[in-house]
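*Asks:* Here's a structure for you.
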Amino acid sequence: MNLDLIFDPLFRLPFLTGLLLAVWLPVLGLYLRLRGEWLAVLGMAQLASAGALGGAVLGLPAVVGGAGAGLLAALAKWGLKRPSDSAYAAMLLLGWAVAVAVMSNHPLAEQAAGAVFDGQLYFTGGGHLAASAAVLGIGVLVLVRAHRAMLRARVHPALGPPGAATRLAFDLVAGASVGVAILSLGVMASFALAFVPAWRAFATAPSWRSALWRAMAMGLTAYVVGFALALVLDQPFGPAGVAAVLAVAALAPPWRGLPGGASRRR
Amino acid sequence: MRPPGTVLLPAQGLSVGYDRPLLQGLDLQLVAGRVTTLLGPNGAGKSTVLRALGEARLRLAGQVWQAPGLRLGHLAQAAEGQAELPLCGRELLALTGASADGLPPWLADCLDARLDRLSGGQLQYLRFWSIAAAPFDVLCLDEPGNNLDARGLAALRAWLHTPPAGQAVVLVTHDDSLVDAARQNVIRIPS
C-alpha cells in the first residue's frame with residue numbers, strides 16, 4: 001500500500017478528468033431521473049461501449065470513438081417510438097451483446113474493453129480531460145436553457161413538453177457525456193455516478209437547488225474516496241468507484257431537521 | 001395583459017375528441033376579465049375542450065382563433081408529477097413566473113416545503129396559484145377545487161368572483177359553490 005501515489009504528479013491529469021465527470025454526472029443524473037430516464041444512462045453506456053470498441057478496431061482515437069458512440073446512442077434513444085425502461089433495457093442488452101462479440105473477436109477491442117469495463121482512469125490523458133471539460137461546459141449551457149422547461153413539463157405536463165430542439169440537445173449532451181465517461185471511469189462507475197447521487201437527492205433534498213448541491217457533493221466525495229482507494233489498493237477505478245458511491249450514498253446524512261433540510265410531512 | 005373586455009380566444013363550431021368526437025358544435029368566446037364555466041356530466045368532454053384549446057390535434061372540426069403570442073395556462077385535473085420530486089413551493093411558482101404576492105397566509109408559510117410533503121389541499125391550491133398568478137392570457141382551470149378544504153374553497157371562490165382583469169378564465173367544475181362564485185358565463189354541455 002503506497003499512499004504517496006495519491007499525490008504523484010503522474011496522476012494529476014486523470015484525477016482532474018474524473019473530478020469534472022464526478023461533478024457533472026450526478027447533475028445529468030438528476031435531470032434524467034426527472035424525466036424518468038435513469039435507466040437510459042446504462043442503455044446508452046452499453047451502446048456507447050460497443051461503439052467505442054468498434055472505434056478501437058477501426059483505429060479511431062479512444063475519446064473520439066467513445067463520444068461518437070455516445071452521440072449515436074443518444075440518437076438511438078431520440079429515435080425510439082416509445083421511450084420506456086423496457087426500451088432502455090433492450091438498448092443495454094444490444095450494447096452488451098455487440099461489445100462482447102467485438103471484444104472476443106479482435107485483440108485491439110480486447111485492449112479497449114479493459115478501459116471501458118474496468119475503468120482505467122489512471123491511463124487517461126489530455127484528450128480525455130479536454131473532452132470531459134467540453135461535455136461539462138456544453139452540458140451546463142444546455143441545462144441553463146432547458147432547466148425550467150424540463151421541470152415544468154414534469155409538474156405541469158398540460159403546459160406541454162420542452163421544445164424538440166431542447167430535448168435533442170439534452171439527449172446529445174447526455175450521450176456524449178456517457179460516451180466520454182465510460183472511457184475514463186468505466187461503464188458501471190459512470191452509471192453509479194449518474195444514478196446513485198440523484199436517487200438519494202430525490203428522496204432527501206428539500207428543493208431542486210438543494211438536490212443539485214447534494215448530488216454534486218455526493219459525487220465529488222465518492223470520487224475522491226474511490227480514486228484514493230483504487231490507487232492505494234492498486235485496483236482499477238471502476239469497482240472502487242462504484243463501492244465508494246454506494247458507501248457515500250448510504251452514509252450521507254438525511255439532512256432532515258437541519259436548517260434547509262427536508263421538512264416533515266404536514 | 002390585455003385590456004378587460006378584449007376577446008382573447010373565440011371558437012366556433014368546435015368538435016373535440018380523440019378517434020371520434022366527444023363533443024360537437026361548441027361556440028366559445030373567452031374574454032379578458034371574465035370567467036366562462038363549462039358544466040356537464042362526467043365524460044361529456046369538458047376536460048378535452050380545455051386541452052383542445054392548446055392542442056390542435058384534439059380539434060376534429062370547427063375553428064379556434066388565437067391572437068399571436070397568446071399565452072395559455074392550463075391547470076390539469078390530476079396532480080401527478082410531484083411525487084418523489086425534490087421541488088419546493090417557491091420553485092414551483094418560479095417555473096411559471098407566478099408571483100407569491102396574494103397567496104393566502106396559510107399557504108405562504110409552506111413555500112419552502114417540498115411539494116410531496118404538502119397536504120393534498122395545500123398542493124392543489126399551490127398548483128392553481130402557479131397557473132393563476134403567472135403571466136398567462138387565458139387560464140384553463142380543470143377542477144381547481146379538487147382536494148380543497150373549506151378554507152381553500154373560500155379562497156378560490158373569492159378569486160373567481162373577481163378574476164384578474166387582463167386574463168380570460170375557462171373553468172371546469174362540478175362544485176356548485178364555485179359555479180355560483182364565477183357565474184358570468186355558464187355553458188352547459190349535454191351528456
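Going through the C-alpha cells in order, the chains are called A, B, and so on, while each chain numbers its residues from 1 and the ligands are numbered from 1 in the order shown.
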Using DSSP secondary structure from the backbone, list all strand (DSSP E) positions within region 54-89 of chain B, as a compact mmCIF listing (two decimals) with N, CA and C atoms, in the first residue's frame.
*Replies:*
# COMPACT_ATOMS: atom_id res chain seq x y z
N ARG B 59 -58.72 18.90 -31.96
CA ARG B 59 -59.84 19.60 -32.62
C ARG B 59 -60.19 18.84 -33.89
N LEU B 60 -61.38 18.29 -33.92
CA LEU B 60 -61.77 17.48 -35.07
C LEU B 60 -62.54 18.31 -36.10
N ALA B 61 -63.15 19.39 -35.63
CA ALA B 61 -63.85 20.31 -36.55
C ALA B 61 -64.00 21.66 -35.85
N GLY B 62 -64.36 22.65 -36.63
CA GLY B 62 -64.56 23.99 -36.07
C GLY B 62 -63.27 24.79 -36.10
N GLN B 63 -63.36 26.00 -35.56
CA GLN B 63 -62.20 26.89 -35.63
C GLN B 63 -61.94 27.56 -34.29
N VAL B 64 -60.65 27.72 -34.01
CA VAL B 64 -60.22 28.45 -32.81
C VAL B 64 -59.28 29.55 -33.29
N LEU B 72 -51.36 30.47 -23.12
CA LEU B 72 -52.39 29.66 -22.47
C LEU B 72 -51.82 28.94 -21.26
N GLY B 73 -52.43 29.15 -20.10
CA GLY B 73 -52.05 28.40 -18.92
C GLY B 73 -53.08 27.31 -18.68
N HIS B 74 -52.64 26.13 -18.27
CA HIS B 74 -53.57 25.02 -18.13
C HIS B 74 -53.31 24.29 -16.81
N LEU B 75 -54.29 24.31 -15.94
CA LEU B 75 -54.21 23.52 -14.71
C LEU B 75 -54.94 22.21 -14.95
*Asks:* Considering only C-alpha atoms, return as a PyMOL selection string whatever protein or nucleic-acid residues lie within 12 Å of Leu251 (chain A), sequence-local ones (same chain, fewer than 5 positions apart) excluded.
*Replies:* chain A and resi 197+200+218+221-222+244-246
*Asks:* Near Asn105 (chain A), within 12 Å and counting only C-alpha atoms, which residues show up once chain neighbours fewer than 6 positions away are dropped, as a PyMOL selection string?
*Replies:* chain A and resi 53-54+57+98-99+111+113
*Asks:* Just C-alpha atoms for this one: save the residues we selected as a PDB file, in the first residue's frame.
*Replies:*
ATOM      1  CA  LEU A  53     -14.785  -0.925 -29.079  1.00  0.00           C
ATOM      2  CA  GLY A  54     -15.779  -0.745 -32.737  1.00  0.00           C
ATOM      3  CA  VAL A  57     -10.931  -1.769 -34.161  1.00  0.00           C
ATOM      4  CA  VAL A  98     -22.277  -6.315 -29.559  1.00  0.00           C
ATOM      5  CA  ALA A  99     -19.492  -5.203 -27.201  1.00  0.00           C
ATOM      6  CA  GLN A 111      -7.484  -3.892 -25.016  1.00  0.00           C
ATOM      7  CA  ALA A 113     -12.519  -3.240 -23.330  1.00  0.00           C
TER       8      ALA A 113
END
*Asks:* Excluding Leu34 (chain A) and any residue of its chain fewer than 3 positions from it, enumerate the residues within 10 Å of it, using only C-alpha atoms, and give them as a ChimeraX atom specification.
*Replies:* /A:28-31,37-38,150-151,153-154,198,202 /B:81,84-86
*Asks:* Output N, CA and C atoms for every residue in that selection, as an mmCIF file, in the first residue's frame.
*Replies:*
data_model
loop_
_atom_site.group_PDB
_atom_site.id
_atom_site.type_symbol
_atom_site.label_atom_id
_atom_site.label_comp_id
_atom_site.auth_asym_id
_atom_site.auth_seq_id
_atom_site.Cartn_x
_atom_site.Cartn_y
_atom_site.Cartn_z
ATOM 1 N N LEU A 28 -26.337 15.495 -14.363
ATOM 2 C CA LEU A 28 -27.004 14.881 -15.520
ATOM 3 C C LEU A 28 -28.007 13.829 -15.043
ATOM 4 N N GLY A 29 -27.588 13.051 -14.036
ATOM 5 C CA GLY A 29 -28.459 12.006 -13.492
ATOM 6 C C GLY A 29 -29.733 12.579 -12.900
ATOM 7 N N LEU A 30 -29.645 13.749 -12.279
ATOM 8 C CA LEU A 30 -30.848 14.376 -11.707
ATOM 9 C C LEU A 30 -31.873 14.681 -12.799
ATOM 10 N N TYR A 31 -31.389 15.236 -13.906
ATOM 11 C CA TYR A 31 -32.314 15.614 -14.982
ATOM 12 C C TYR A 31 -32.856 14.384 -15.709
ATOM 13 N N GLU A 37 -35.850 8.762 -16.862
ATOM 14 C CA GLU A 37 -34.967 8.091 -17.829
ATOM 15 C C GLU A 37 -33.665 7.623 -17.193
ATOM 16 N N TRP A 38 -33.684 7.287 -15.900
ATOM 17 C CA TRP A 38 -32.426 6.923 -15.249
ATOM 18 C C TRP A 38 -31.804 5.682 -15.875
ATOM 19 N N MET A 150 -37.872 21.700 -18.533
ATOM 20 C CA MET A 150 -37.877 20.285 -18.141
ATOM 21 C C MET A 150 -38.617 20.070 -16.826
ATOM 22 N N LEU A 151 -38.390 20.952 -15.862
ATOM 23 C CA LEU A 151 -39.095 20.818 -14.586
ATOM 24 C C LEU A 151 -40.584 21.108 -14.755
ATOM 25 N N ALA A 153 -42.407 20.651 -17.363
ATOM 26 C CA ALA A 153 -43.069 19.528 -18.042
ATOM 27 C C ALA A 153 -43.399 18.405 -17.063
ATOM 28 N N ARG A 154 -42.634 18.305 -15.998
ATOM 29 C CA ARG A 154 -42.906 17.259 -15.009
ATOM 30 C C ARG A 154 -44.087 17.652 -14.103
ATOM 31 N N ALA A 198 -28.301 11.008 -7.590
ATOM 32 C CA ALA A 198 -29.615 11.562 -7.973
ATOM 33 C C ALA A 198 -30.733 10.839 -7.235
ATOM 34 N N PHE A 202 -33.089 12.863 -4.717
ATOM 35 C CA PHE A 202 -34.532 12.929 -4.957
ATOM 36 C C PHE A 202 -35.307 12.598 -3.681
ATOM 37 N N GLY B 81 -47.071 14.713 -11.215
ATOM 38 C CA GLY B 81 -45.611 14.763 -11.310
ATOM 39 C C GLY B 81 -44.886 15.138 -10.032
ATOM 40 N N GLU B 84 -42.273 12.249 -5.093
ATOM 41 C CA GLU B 84 -40.842 11.919 -5.101
ATOM 42 C C GLU B 84 -40.021 12.910 -5.903
ATOM 43 N N LEU B 85 -40.422 14.165 -5.871
ATOM 44 C CA LEU B 85 -39.667 15.182 -6.614
ATOM 45 C C LEU B 85 -39.149 16.231 -5.630
ATOM 46 N N PRO B 86 -37.833 16.482 -5.615
ATOM 47 C CA PRO B 86 -37.310 17.486 -4.690
ATOM 48 C C PRO B 86 -37.541 18.897 -5.215
#
*Asks:* Could you produce a table of the residues of chain A lying within 10 Å of chain B, with the nearest pair of atoms per residue and their separation in Å rounded to one decimal, using only C-alpha atoms, ordered by chain and increasing residue number, as CSV?
*Replies:*
residue,atom,partner,partner_atom,distance
A:Arg33,CA,B:Leu85,CA,9.5
A:Leu34,CA,B:Leu85,CA,7.7
A:His147,CA,B:Leu95,CA,9.3
A:Arg148,CA,B:Leu95,CA,5.8
A:Ala149,CA,B:Leu95,CA,7.8
A:Met150,CA,B:Leu95,CA,9.6
A:Leu151,CA,B:Leu95,CA,7.4
A:Arg152,CA,B:Leu95,CA,6.0
A:Ala153,CA,B:Gly81,CA,8.6
A:Arg154,CA,B:Gly81,CA,5.2
A:Val155,CA,B:Gly81,CA,4.7
A:His156,CA,B:Leu75,CA,7.3
A:Pro157,CA,B:Gly81,CA,8.0
A:Ala158,CA,B:His74,CA,5.9
A:Leu159,CA,B:His74,CA,6.0
A:Gly160,CA,B:Gly54,CA,9.1
A:Trp199,CA,B:Glu84,CA,9.9
A:Ala201,CA,B:Pro86,CA,7.5
A:Phe202,CA,B:Pro86,CA,5.3
A:Ala203,CA,B:Glu84,CA,6.4
A:Thr204,CA,B:Pro86,CA,7.4
A:Ala205,CA,B:Pro86,CA,5.6
A:Pro206,CA,B:Arg114,CA,5.4
A:Ser207,CA,B:Leu87,CA,4.4
A:Trp208,CA,B:Leu87,CA,5.0
A:Arg209,CA,B:Leu87,CA,8.2
A:Ser210,CA,B:Pro86,CA,8.2
A:Ala211,CA,B:Pro86,CA,6.6
A:Leu212,CA,B:Pro86,CA,9.7
A:Gly260,CA,B:Asp112,CA,8.7
A:Gly261,CA,B:Ala113,CA,9.4
A:Ala262,CA,B:Arg114,CA,7.2
A:Ser263,CA,B:Ala113,CA,6.0
A:Arg264,CA,B:Arg117,CA,6.6
A:Arg265,CA,B:Arg117,CA,4.3
A:Arg266,CA,B:Leu118,CA,5.6
*Asks:* Report as a list of chain:residue names all protein, DNA and RNA residues lying within 12 Å of Asn42 (chain B), evaluated on only C-alpha atoms, omitting residues in the same chain fewer than 3 positions from it.
*Replies:*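 My reading of the contact set: B:Leu22, B:Leu38, B:Leu39, B:Gly45, B:Lys46, B:Ser47, B:Thr48, B:Glu143, B:Val172, B:Thr173, B:His174, B:Ile189, B:Pro190, B:Ser191.
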*Asks:* Calculate how many Å separate CA of Arg145 (chain A) from CA of Gly219 (chain A), rounding to one decimal.
*Replies:*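 Distance reported for this atom pair: 23.5 Å.
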*Asks:* Considering only C-alpha atoms, return as number ranges by chain whatever protein or nucleic-acid residues lie within 8 Å of Leu70 (chain B), sequence-local ones (same chain, fewer than 4 positions apart) excluded.
*Replies:* B: 8, 66, 136-138
*Asks:* If we count only C-alpha atoms and set the cut-off at 9 Å, which residues sit around Ala52 (chain A), ignoring sequence neighbours fewer than 2 positions away in its own chain? Please answer as a compact mmCIF listing (two decimals) with N, CA and C atoms, in the first residue's frame.
*Replies:*
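Saved as around.txt:
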# COMPACT_ATOMS: atom_id res chain seq x y z
N LEU A 47 -24.43 0.82 -25.19
CA LEU A 47 -24.34 1.04 -26.64
C LEU A 47 -23.06 1.80 -26.98
N ALA A 48 -22.72 2.79 -26.15
CA ALA A 48 -21.51 3.57 -26.39
C ALA A 48 -20.27 2.69 -26.24
N SER A 49 -20.31 1.76 -25.30
CA SER A 49 -19.15 0.89 -25.11
C SER A 49 -18.95 0.02 -26.35
N ALA A 50 -20.05 -0.46 -26.92
CA ALA A 50 -19.94 -1.25 -28.15
C ALA A 50 -19.35 -0.39 -29.27
N GLY A 54 -15.80 -0.77 -31.27
CA GLY A 54 -15.78 -0.75 -32.74
C GLY A 54 -14.82 0.32 -33.25
N GLY A 55 -14.82 1.48 -32.59
CA GLY A 55 -13.90 2.56 -32.96
C GLY A 55 -12.45 2.14 -32.79
N ALA A 56 -12.18 1.39 -31.73
CA ALA A 56 -10.81 0.93 -31.48
C ALA A 56 -10.35 0.00 -32.61
N VAL A 57 -11.26 -0.85 -33.05
CA VAL A 57 -10.93 -1.77 -34.16
C VAL A 57 -10.63 -0.97 -35.43
N LEU A 60 -9.73 4.45 -34.47
CA LEU A 60 -10.09 5.82 -34.05
C LEU A 60 -9.52 6.10 -32.67
N ALA A 62 -9.50 6.88 -28.85
CA ALA A 62 -10.50 6.38 -27.91
C ALA A 62 -11.57 7.42 -27.59
N VAL A 63 -11.15 8.67 -27.35
CA VAL A 63 -12.13 9.69 -26.97
C VAL A 63 -13.11 9.96 -28.11
N VAL A 64 -12.59 9.99 -29.33
CA VAL A 64 -13.47 10.22 -30.49
C VAL A 64 -14.46 9.07 -30.62
N GLY A 65 -13.94 7.85 -30.49
CA GLY A 65 -14.82 6.67 -30.59
C GLY A 65 -15.88 6.69 -29.51
N GLY A 66 -15.49 6.99 -28.27
CA GLY A 66 -16.44 6.98 -27.15
C GLY A 66 -17.50 8.05 -27.29
N ALA A 67 -17.03 9.30 -27.57
CA ALA A 67 -18.01 10.40 -27.68
C ALA A 67 -18.92 10.19 -28.89
N GLY A 68 -18.32 9.73 -30.01
CA GLY A 68 -19.12 9.48 -31.21
C GLY A 68 -20.15 8.39 -30.96
N ALA A 69 -19.71 7.32 -30.29
CA ALA A 69 -20.64 6.23 -30.00
C ALA A 69 -21.74 6.71 -29.04
N GLY A 70 -21.35 7.57 -28.09
CA GLY A 70 -22.34 8.12 -27.17
C GLY A 70 -23.38 8.95 -27.89
N ALA A 99 -20.80 -5.48 -27.80
CA ALA A 99 -19.49 -5.20 -27.20
C ALA A 99 -18.73 -6.50 -26.93
N ALA A 109 -9.82 -4.53 -29.77
CA ALA A 109 -11.05 -4.29 -29.00
C ALA A 109 -10.90 -4.84 -27.59
N ALA A 112 -9.16 -2.25 -25.55
CA ALA A 112 -10.05 -1.12 -25.25
C ALA A 112 -11.10 -1.51 -24.22
N ALA A 113 -11.48 -2.79 -24.26
CA ALA A 113 -12.52 -3.24 -23.33
C ALA A 113 -12.06 -3.11 -21.89
N VAL A 116 -12.96 0.32 -20.87
CA VAL A 116 -14.41 0.56 -20.82
C VAL A 116 -15.08 -0.17 -19.66
N GLY A 179 -20.58 8.71 -23.22
CA GLY A 179 -19.51 8.16 -24.06
C GLY A 179 -18.13 8.53 -23.55
N LEU A 183 -15.14 5.84 -21.02
CA LEU A 183 -13.74 5.62 -21.38
C LEU A 183 -12.79 5.99 -20.26
*Asks:* Distance CA of Leu148 (chain B)-CA of Ala182 (chain B), one decimal place?
*Replies:* 16.8 Å
*Asks:* Just how far from CA of Ala174 (chain A) is CA of Ala115 (chain A), in Å to one decimal?
*Replies:* 20.0 Å
*Asks:* I need the helix (DSSP H, G or I) residues of region 12-119 of chain B per DSSP on the backbone, written as a list in words.
*Replies:* Lys46, Ser47, Thr48, Val49, Leu50, Arg51, Ala52, Leu53, Gly54, Ala56, Arg57, Leu58, Gly89, Arg90, Glu91, Leu92, Leu93, Ala94, Leu95, Thr96, Pro105, Trp106, Leu107, Ala108, Leu115, Asp116 and Arg117 of chain B
*Asks:* Take the residues from that selection and put them in a file with N, CA and C atoms, as a CSV table (one decimal), in the first residue's frame.
*Replies:*
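Result file is part-v3.csv:
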chain,number,residue,atom,x,y,z
B,46,LYS,N,-65.6,17.9,-21.3
B,46,LYS,CA,-65.2,19.2,-20.8
B,46,LYS,C,-63.7,19.4,-20.7
B,47,SER,N,-63.0,18.4,-20.1
B,47,SER,CA,-61.5,18.5,-20.0
B,47,SER,C,-60.9,18.5,-21.4
B,48,THR,N,-61.5,17.7,-22.3
B,48,THR,CA,-60.9,17.6,-23.6
B,48,THR,C,-61.0,19.0,-24.3
B,49,VAL,N,-62.1,19.7,-24.0
B,49,VAL,CA,-62.2,21.1,-24.6
B,49,VAL,C,-61.1,21.9,-24.1
B,50,LEU,N,-60.8,21.9,-22.8
B,50,LEU,CA,-59.7,22.7,-22.3
B,50,LEU,C,-58.4,22.3,-23.0
B,51,ARG,N,-58.1,21.0,-23.2
B,51,ARG,CA,-56.9,20.6,-23.8
B,51,ARG,C,-56.9,21.0,-25.3
B,52,ALA,N,-58.0,20.9,-25.9
B,52,ALA,CA,-58.1,21.2,-27.3
B,52,ALA,C,-57.8,22.7,-27.6
B,53,LEU,N,-58.0,23.6,-26.7
B,53,LEU,CA,-57.8,25.0,-26.9
B,53,LEU,C,-56.3,25.2,-27.2
B,54,GLY,N,-55.4,24.3,-26.6
B,54,GLY,CA,-54.0,24.4,-26.8
B,54,GLY,C,-53.4,23.4,-27.7
B,56,ALA,N,-54.0,21.4,-31.1
B,56,ALA,CA,-54.8,21.4,-32.4
B,56,ALA,C,-55.2,20.0,-32.7
B,57,ARG,N,-54.4,18.9,-32.3
B,57,ARG,CA,-54.7,17.6,-32.8
B,57,ARG,C,-56.0,17.1,-32.2
B,58,LEU,N,-56.5,17.7,-31.1
B,58,LEU,CA,-57.7,17.3,-30.4
B,58,LEU,C,-59.0,18.0,-31.0
B,89,GLY,N,-42.3,24.8,-3.0
B,89,GLY,CA,-43.4,25.6,-3.5
B,89,GLY,C,-42.8,26.8,-4.2
B,90,ARG,N,-41.8,27.4,-3.6
B,90,ARG,CA,-41.3,28.7,-4.2
B,90,ARG,C,-40.7,28.4,-5.6
B,91,GLU,N,-40.1,27.2,-5.8
B,91,GLU,CA,-39.6,26.8,-7.1
B,91,GLU,C,-40.7,26.5,-8.1
B,92,LEU,N,-41.8,25.9,-7.6
B,92,LEU,CA,-42.9,25.7,-8.5
B,92,LEU,C,-43.5,27.0,-9.0
B,93,LEU,N,-43.6,28.0,-8.2
B,93,LEU,CA,-44.1,29.3,-8.7
B,93,LEU,C,-43.1,29.9,-9.7
B,94,ALA,N,-41.8,29.7,-9.4
B,94,ALA,CA,-40.8,30.3,-10.3
B,94,ALA,C,-40.8,29.7,-11.7
B,95,LEU,N,-41.3,28.4,-11.8
B,95,LEU,CA,-41.3,27.7,-13.1
B,95,LEU,C,-42.2,28.3,-14.1
B,96,THR,N,-43.3,28.9,-13.5
B,96,THR,CA,-44.3,29.5,-14.4
B,96,THR,C,-44.2,31.1,-14.4
B,105,PRO,N,-52.4,33.4,3.5
B,105,PRO,CA,-51.3,33.3,4.6
B,105,PRO,C,-51.1,31.8,4.9
B,106,TRP,N,-52.1,31.0,5.0
B,106,TRP,CA,-51.9,29.6,5.4
B,106,TRP,C,-51.1,28.8,4.3
B,107,LEU,N,-50.9,29.4,3.2
B,107,LEU,CA,-50.1,28.7,2.2
B,107,LEU,C,-48.7,29.4,2.0
B,108,ALA,N,-48.7,30.7,2.3
B,108,ALA,CA,-47.4,31.4,2.2
B,108,ALA,C,-46.4,30.9,3.1
B,115,LEU,N,-43.0,19.7,-2.3
B,115,LEU,CA,-44.4,19.6,-2.7
B,115,LEU,C,-45.0,18.3,-2.2
B,116,ASP,N,-44.2,17.2,-2.2
B,116,ASP,CA,-44.8,15.9,-1.7
B,116,ASP,C,-44.9,15.8,-0.2
B,117,ARG,N,-44.5,16.9,0.5
B,117,ARG,CA,-44.7,17.0,1.9
B,117,ARG,C,-46.0,17.8,2.3
*Asks:* Which is closer to Ile182 (chain A) than all the others in A:Ala240, A:Leu229, A:Val144, A:Val41, using only C-alpha atoms?
*Replies:*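 Comparing A:Ala240, A:Leu229, A:Val144, A:Val41 against Ile182 (chain A), the winner is A:Val41.
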